[in-house]
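Asks: Structure provided below as structure tokens; questions to follow.
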Number of protein chains: 2
Amino acid sequence: MPEKPLILISNDDGITAKGIRFLVEAMLEIGEVVVFAPDSPQSGMGHAITIHSPLKMRPSDIFGENVEAYECSGTPADCIKLAKHYLQKRQQVPDLVVSGINHGSNTSISILYSGTMSAAIEASIEGFPAIGFSLASYDEKADFSHTKEAVKNIVHQVLQSGLPYGTALNVNFPKKQEKPPKGIRICRQARAKWQEIFDERTDPYDRNYLWLTGKFVNKDKGEDTDEWAIQNNYISVVPCLFDLTAHHTISFFNEEWTI
Amino acid sequence: MPEKPLILISNDDGITAKGIRFLVEAMLEIGEVVVFAPDSPQSGMGHAITIHSPLKMRPSDIFGENVEAYECSGTPADCIKLAKHYLQKRQQVPDLVVSGINHGSNTSISILYSGTMSAAIEASIEGFPAIGFSLASYDEKADFSHTKEAVKNIVHQVLQSGLPYGTALNVNFPKKQEKPPKGIRICRQARAKWQEIFDERTDPYDRNYLWLTGKFVNKDKGEDTDEWAIQNNYISVVPCLFDLTAHHTISFFNEEWTI
């Protein structure tokens, strides 16, 4: 483990969110910090990147004079690409990339829509150890205090033992409860999904529009899932891949297909 | 296989793209078609969804009077959610969802940034058999003619034998060459990536901005990859998961972690 590791921080709620401020403070107790975060909320941006318009980035002193920070006009994945570009210019490579702490859970299928995790996964494509942190509370003023020790412990552990080839971690914290979290569980992504609800309205010009909302529905009864963990006041850790190949099904196609 | 299957079509290049027109025509030879496609180009949108602004959708006669089509203001994933909502209202469920044909390759890591594949993966989350089609040519006027037979064959095969649980197909066609494609190969996602190049410029107000561009770098020498296939004039088919869990690494964490 490097003595003073270089930790790159991003998020998807934007540079002014409470969650990233909390994460920056926790990481300053471990290493040197550099922040590349979106200048506006990017929730639900998935792994989007900006190719049809230019990107802007401006230095920010939002975390105080001692923290080098930039706010970027793009998505979380853009932020990681920009950060890599800027660090490379001065021959630096992050020892770790952390993203979050997201205001809202990113368990189960939410990982696909999550800007928080896209930053971590983008970093893992580059070979950087990477962790996305999320809290199961959408409250802008959410209380993150119960996550600090575990965030630091997980970061220390990753800096020490590394991550298996081609993985990034998706860490979700339960909302603060009376009792502290019962511990950390290594989980699989629950097979749950968002059941959409479209709120249909009419605009002042008599045209229809719809707001996408949804209800999270979990029919996965496994006790080894991330959803089970946070529902039971555990911290869930899911190792995630950027190789989406369903390797175990290749023989199905080779056997069944006649074309 | 249903006699007249209901085929839902989307894409990420937008409803006016040549690729979706080609796909609609091919699918009309197989079943009943309904189109929900973005009203503007959505390349690089990954699995983004629209939650901070409302969505609009308008009927479109772009494919002629006999094809029910809608153009939507959102992302490809939004289009699938909207389509599901509208079809559900009249008790319909698609027998198949196809997306594309994308102007540009979506092999390897591009799947994560691809709006084409996000539509297919969104559909697979709903349990619909789903296929994303892409052509290795970014040309707006690209020649899709060599893909038609294979597109129809793959669709027939999927309607007949289904897809393994929790998978969607990522199909990539080589650019049209003198000789027709050599055949179909079931592949894994190549371990390759985009090496970013930022084109830094100054705007008329003396502010810096950057355009994200990149070079695709493939160091994966495997001959079982999608990249190898299309480089060698084969059609690549990669079965893809929406469960990102690195299941094979869970024992690593249970063994190594001391926290």
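Identifiers in this document derive from the order of the structure tokens: chains are assigned A, B, ..., residues are numbered from 1 separately in each chain, and ligands are numbered from 1 in order of occurrence.
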Find the residues near Lys81 (chain A): any atom within 8 Å, counting only C-alpha atoms, skip ones fewer than 3 places away on the same chain, and give them as number ranges by chain.

Replies: A: 77-78, 84-85, 122; B: 196

Asks: Would you save the residues of that selection, restricted to C-alpha atoms, as a compact mmCIF listing (two decimals), in the first residue's frame?

Replies:
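Just written: out13.txt:
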# COMPACT_ATOMS: atom_id res chain seq x y z
CA ALA A 77 -17.67 8.75 -17.04
CA ASP A 78 -16.45 11.95 -18.75
CA LYS A 84 -7.00 10.49 -16.38
CA HIS A 85 -6.01 12.88 -19.16
CA GLU A 122 -14.90 3.61 -16.19
CA GLU B 196 -9.07 9.09 -25.13

Asks: So which residues touch Leu241 (chain A) within 6 Å, counting only C-alpha atoms, skipping near sequence neighbours fewer than 2 positions away, as a list in words?

Replies: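 In the requested form, the answer reads Thr167 and Asp243 of chain A; Leu244 and Ala246 of chain B.
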
Asks: Hey, what does DSSP flag as helix (DSSP H, G or I) within region 109-248 of chain A? Can you give it to me as a PyMOL selection string?

Replies: chain A and resi 110-113+115-125+145-161+226-231+247-248

Asks: I'd like the neighbourhood of Pro54 (chain A) as JSON, numbers by chain, where a residue qualifies if any of its atoms comes within 9 Å (using only C-alpha atoms), though same-chain residues fewer than 2 positions away should be ignored.

Replies: {"A": [50, 51, 52, 56, 73, 74], "B": [209, 210, 211, 212]}

Asks: Tell me, in Å to one decimal, how far CA of Ala192 (chain A) is from CA of Ser105 (chain A).

Replies: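 Pair CA of Ala192 (chain A) / CA of Ser105 (chain A) returns 13.0 Å.
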
Asks: Taking a cut-off of 8 Å and counting only C-alpha atoms, can you build a table that, for each residue of chain B near chain A, reports the nearest atom pair and how far apart they are in Å (one decimal), sorted by chain then residue number, as a Markdown table?

Replies:
| residue | atom | partner | partner_atom | distance |
| --- | --- | --- | --- | --- |
| B:Ser43 | CA | A:Ile51 | CA | 7.8 |
| B:Gly44 | CA | A:Ile49 | CA | 5.4 |
| B:Met45 | CA | A:Ala48 | CA | 4.1 |
| B:Gly46 | CA | A:Ala48 | CA | 4.4 |
| B:His47 | CA | A:Gly46 | CA | 4.6 |
| B:Ala48 | CA | A:Met45 | CA | 4.1 |
| B:Ile49 | CA | A:Gly44 | CA | 5.4 |
| B:Thr50 | CA | A:Gly44 | CA | 6.8 |
| B:Ile51 | CA | A:Leu212 | CA | 6.1 |
| B:Ser53 | CA | A:Trp211 | CA | 7.1 |
| B:Pro54 | CA | A:Trp211 | CA | 4.7 |
| B:Leu55 | CA | A:Leu210 | CA | 5.0 |
| B:Lys56 | CA | A:Tyr209 | CA | 4.8 |
| B:Met57 | CA | A:Tyr209 | CA | 7.4 |
| B:Lys81 | CA | A:Glu196 | CA | 7.1 |
| B:His85 | CA | A:Glu196 | CA | 7.7 |
| B:Ile109 | CA | A:Asp243 | CA | 7.5 |
| B:Leu112 | CA | A:His47 | CA | 6.2 |
| B:Tyr113 | CA | A:His47 | CA | 5.7 |
| B:Ile125 | CA | A:Lys193 | CA | 7.4 |
| B:Asn153 | CA | A:Ile259 | CA | 6.8 |
| B:Ile154 | CA | A:Ile259 | CA | 7.5 |
| B:Gln157 | CA | A:Trp257 | CA | 6.9 |
| B:Ser161 | CA | A:Glu256 | CA | 7.5 |
| B:Pro164 | CA | A:Thr249 | CA | 6.8 |
| B:Thr167 | CA | A:Ala246 | CA | 7.0 |
| B:Ile184 | CA | A:Ile259 | CA | 7.7 |
| B:Ile186 | CA | A:Ile250 | CA | 6.6 |
| B:Cys187 | CA | A:Ile250 | CA | 7.5 |
| B:Arg188 | CA | A:Thr245 | CA | 5.7 |
| B:Gln189 | CA | A:Thr245 | CA | 5.8 |
| B:Arg191 | CA | A:Asp243 | CA | 7.8 |
| B:Lys193 | CA | A:Ile125 | CA | 7.4 |
| B:Glu196 | CA | A:Lys81 | CA | 7.1 |
| B:Phe198 | CA | A:His85 | CA | 7.8 |
| B:Asn208 | CA | A:Lys56 | CA | 6.9 |
| B:Tyr209 | CA | A:Lys56 | CA | 4.8 |
| B:Leu210 | CA | A:Leu55 | CA | 5.0 |
| B:Trp211 | CA | A:Pro54 | CA | 4.7 |
| B:Leu212 | CA | A:Ile51 | CA | 6.1 |
| B:Thr213 | CA | A:Ile51 | CA | 7.4 |
| B:Val238 | CA | A:Thr245 | CA | 6.4 |
| B:Pro239 | CA | A:Ala246 | CA | 5.4 |
| B:Cys240 | CA | A:Thr245 | CA | 4.6 |
| B:Leu241 | CA | A:Leu244 | CA | 5.3 |
| B:Phe242 | CA | A:Leu244 | CA | 7.2 |
| B:Asp243 | CA | A:Gln189 | CA | 6.5 |
| B:Leu244 | CA | A:Cys240 | CA | 5.1 |
| B:Thr245 | CA | A:Cys240 | CA | 4.6 |
| B:Ala246 | CA | A:Cys240 | CA | 5.1 |
| B:His247 | CA | A:Arg188 | CA | 7.0 |
| B:Thr249 | CA | A:Pro164 | CA | 6.8 |
| B:Ile250 | CA | A:Ile186 | CA | 6.6 |
| B:Phe252 | CA | A:Pro164 | CA | 7.7 |
| B:Phe253 | CA | A:Ile186 | CA | 7.0 |
| B:Asn254 | CA | A:Ile186 | CA | 7.0 |
| B:Glu256 | CA | A:Ser161 | CA | 7.4 |
| B:Trp257 | CA | A:Gln157 | CA | 6.9 |
| B:Thr258 | CA | A:Gln157 | CA | 7.8 |
| B:Ile259 | CA | A:Asn153 | CA | 6.8 |

Asks: Neighbouring residues of region 29-31 of chain B were defined as those with any atom within 12 Å, considering only C-alpha atoms; residues of the same chain fewer than 3 positions away were excluded. Please report them as a PDB file with C-alpha atoms, in the first residue's frame.

Replies:
ATOM      1  CA  MET B   1     -42.678 -19.133 -32.686  1.00  0.00           C
ATOM      2  CA  PRO B   2     -45.704 -16.801 -32.954  1.00  0.00           C
ATOM      3  CA  GLU B   3     -47.181 -16.696 -36.473  1.00  0.00           C
ATOM      4  CA  LYS B   4     -47.094 -12.897 -36.686  1.00  0.00           C
ATOM      5  CA  PRO B   5     -44.738 -11.851 -33.870  1.00  0.00           C
ATOM      6  CA  LEU B   6     -44.937  -8.337 -32.450  1.00  0.00           C
ATOM      7  CA  ILE B   7     -41.528  -6.748 -32.893  1.00  0.00           C
ATOM      8  CA  LEU B   8     -40.633  -3.573 -31.018  1.00  0.00           C
ATOM      9  CA  ILE B   9     -37.889  -1.529 -32.685  1.00  0.00           C
ATOM     10  CA  PHE B  22     -33.434  -0.720 -42.932  1.00  0.00           C
ATOM     11  CA  LEU B  23     -34.275  -2.693 -39.781  1.00  0.00           C
ATOM     12  CA  VAL B  24     -37.970  -1.772 -39.975  1.00  0.00           C
ATOM     13  CA  GLU B  25     -38.116  -2.990 -43.564  1.00  0.00           C
ATOM     14  CA  ALA B  26     -36.431  -6.283 -42.683  1.00  0.00           C
ATOM     15  CA  VAL B  34     -44.009  -0.960 -33.657  1.00  0.00           C
ATOM     16  CA  VAL B  67     -46.084   1.189 -39.406  1.00  0.00           C
ATOM     17  CA  PRO B  94     -43.506  -7.637 -27.619  1.00  0.00           C
ATOM     18  CA  ASP B  95     -42.342 -11.072 -28.774  1.00  0.00           C
ATOM     19  CA  LEU B  96     -38.998  -9.528 -29.598  1.00  0.00           C
ATOM     20  CA  VAL B  97     -37.185  -6.224 -29.203  1.00  0.00           C
ATOM     21  CA  LYS B 148     -30.358  -8.306 -44.292  1.00  0.00           C
ATOM     22  CA  GLU B 149     -30.312 -12.082 -44.603  1.00  0.00           C
ATOM     23  CA  VAL B 151     -30.519 -10.080 -39.473  1.00  0.00           C
ATOM     24  CA  LYS B 152     -33.589 -12.052 -40.505  1.00  0.00           C
ATOM     25  CA  ASN B 153     -31.944 -15.409 -39.797  1.00  0.00           C
ATOM     26  CA  ILE B 154     -30.846 -14.318 -36.320  1.00  0.00           C
ATOM     27  CA  VAL B 155     -34.324 -12.954 -35.549  1.00  0.00           C
ATOM     28  CA  HIS B 156     -35.961 -16.189 -36.736  1.00  0.00           C
ATOM     29  CA  GLN B 157     -33.527 -18.226 -34.649  1.00  0.00           C
ATOM     30  CA  LEU B 159     -37.951 -16.304 -32.001  1.00  0.00           C
TER      31      LEU B 159
END

Asks: If you run DSSP on this backbone, which residues of region 146-178 of chain A come out as strand (DSSP E or B), and could you give them as a ChimeraX atom specification?

Replies: /A:167-173

Asks: For the residues selected in the previous step, produce a file with N, CA and C atoms as an mmCIF file, in the first residue's frame.

Replies:
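Printed below is part_28.cif as written:
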data_model
loop_
_atom_site.group_PDB
_atom_site.id
_atom_site.type_symbol
_atom_site.label_atom_id
_atom_site.label_comp_id
_atom_site.auth_asym_id
_atom_site.auth_seq_id
_atom_site.Cartn_x
_atom_site.Cartn_y
_atom_site.Cartn_z
ATOM 1 N N THR A 167 -12.516 -5.926 -12.135
ATOM 2 C CA THR A 167 -13.672 -5.667 -11.271
ATOM 3 C C THR A 167 -13.599 -4.287 -10.638
ATOM 4 N N ALA A 168 -14.778 -3.770 -10.269
ATOM 5 C CA ALA A 168 -14.910 -2.564 -9.449
ATOM 6 C C ALA A 168 -15.925 -2.917 -8.365
ATOM 7 N N LEU A 169 -15.892 -2.187 -7.263
ATOM 8 C CA LEU A 169 -16.817 -2.510 -6.171
ATOM 9 C C LEU A 169 -18.017 -1.576 -6.142
ATOM 10 N N ASN A 170 -19.175 -2.147 -5.925
ATOM 11 C CA ASN A 170 -20.394 -1.380 -5.694
ATOM 12 C C ASN A 170 -20.782 -1.546 -4.225
ATOM 13 N N VAL A 171 -20.542 -0.477 -3.441
ATOM 14 C CA VAL A 171 -20.792 -0.540 -1.995
ATOM 15 C C VAL A 171 -22.043 0.264 -1.656
ATOM 16 N N ASN A 172 -22.981 -0.349 -0.986
ATOM 17 C CA ASN A 172 -24.200 0.345 -0.564
ATOM 18 C C ASN A 172 -24.348 0.301 0.956
ATOM 19 N N PHE A 173 -24.670 1.462 1.505
ATOM 20 C CA PHE A 173 -24.886 1.567 2.953
ATOM 21 C C PHE A 173 -26.377 1.665 3.247
#

Asks: Using only C-alpha atoms, which of B:Asn232, B:Phe216, B:Ser99, B:Thr225 sits nearest Lys179 (chain B)?

Replies: B:Asn232

Asks: Excluding region 68-72 of chain B and any residue of its chain fewer than 6 positions from it, enumerate the residues within 7 Å of it, using only C-alpha atoms, and give them as a ChimeraX atom specification.

Replies: /B:15,34-39,56-61,79

Asks: Can you tell me, as a list in words, what residues are no more than 6 Å from Ala120 (chain B) when counting only C-alpha atoms, ignoring any on the same chain fewer than 5 positions away?

Replies: Ala130, Ile131 and Gly132 of chain B

Asks: Take the selection from the previous step and output its residues with N, CA and C atoms, as a short mmCIF file (atom, residue, chain, number, x, y, z; two decimals), in the first residue's frame.

Replies:
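That gives us again-v4.cif:
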data_model
loop_
_atom_site.label_atom_id
_atom_site.label_comp_id
_atom_site.auth_asym_id
_atom_site.auth_seq_id
_atom_site.Cartn_x
_atom_site.Cartn_y
_atom_site.Cartn_z
N ALA B 130 -34.19 -9.94 -26.78
CA ALA B 130 -33.74 -8.65 -27.32
C ALA B 130 -32.40 -8.76 -28.02
N ILE B 131 -32.28 -8.01 -29.10
CA ILE B 131 -31.06 -8.02 -29.91
C ILE B 131 -30.70 -6.59 -30.32
N GLY B 132 -29.44 -6.24 -30.14
CA GLY B 132 -28.93 -4.98 -30.67
C GLY B 132 -28.07 -5.28 -31.89
#

Asks: Pick from A:Pro76, A:Gly100, A:Gly222, A:Gly19: nearest to Ala142 (chain A), with only C-alpha atoms counted?

Replies: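 Among the listed residues, the smallest separation from Ala142 (chain A) belongs to A:Gly19.
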
Asks: How many Å lie between CA of Ser134 (chain A) and CA of Phe63 (chain A), rounded to one decimal?

Replies: 20.1 Å
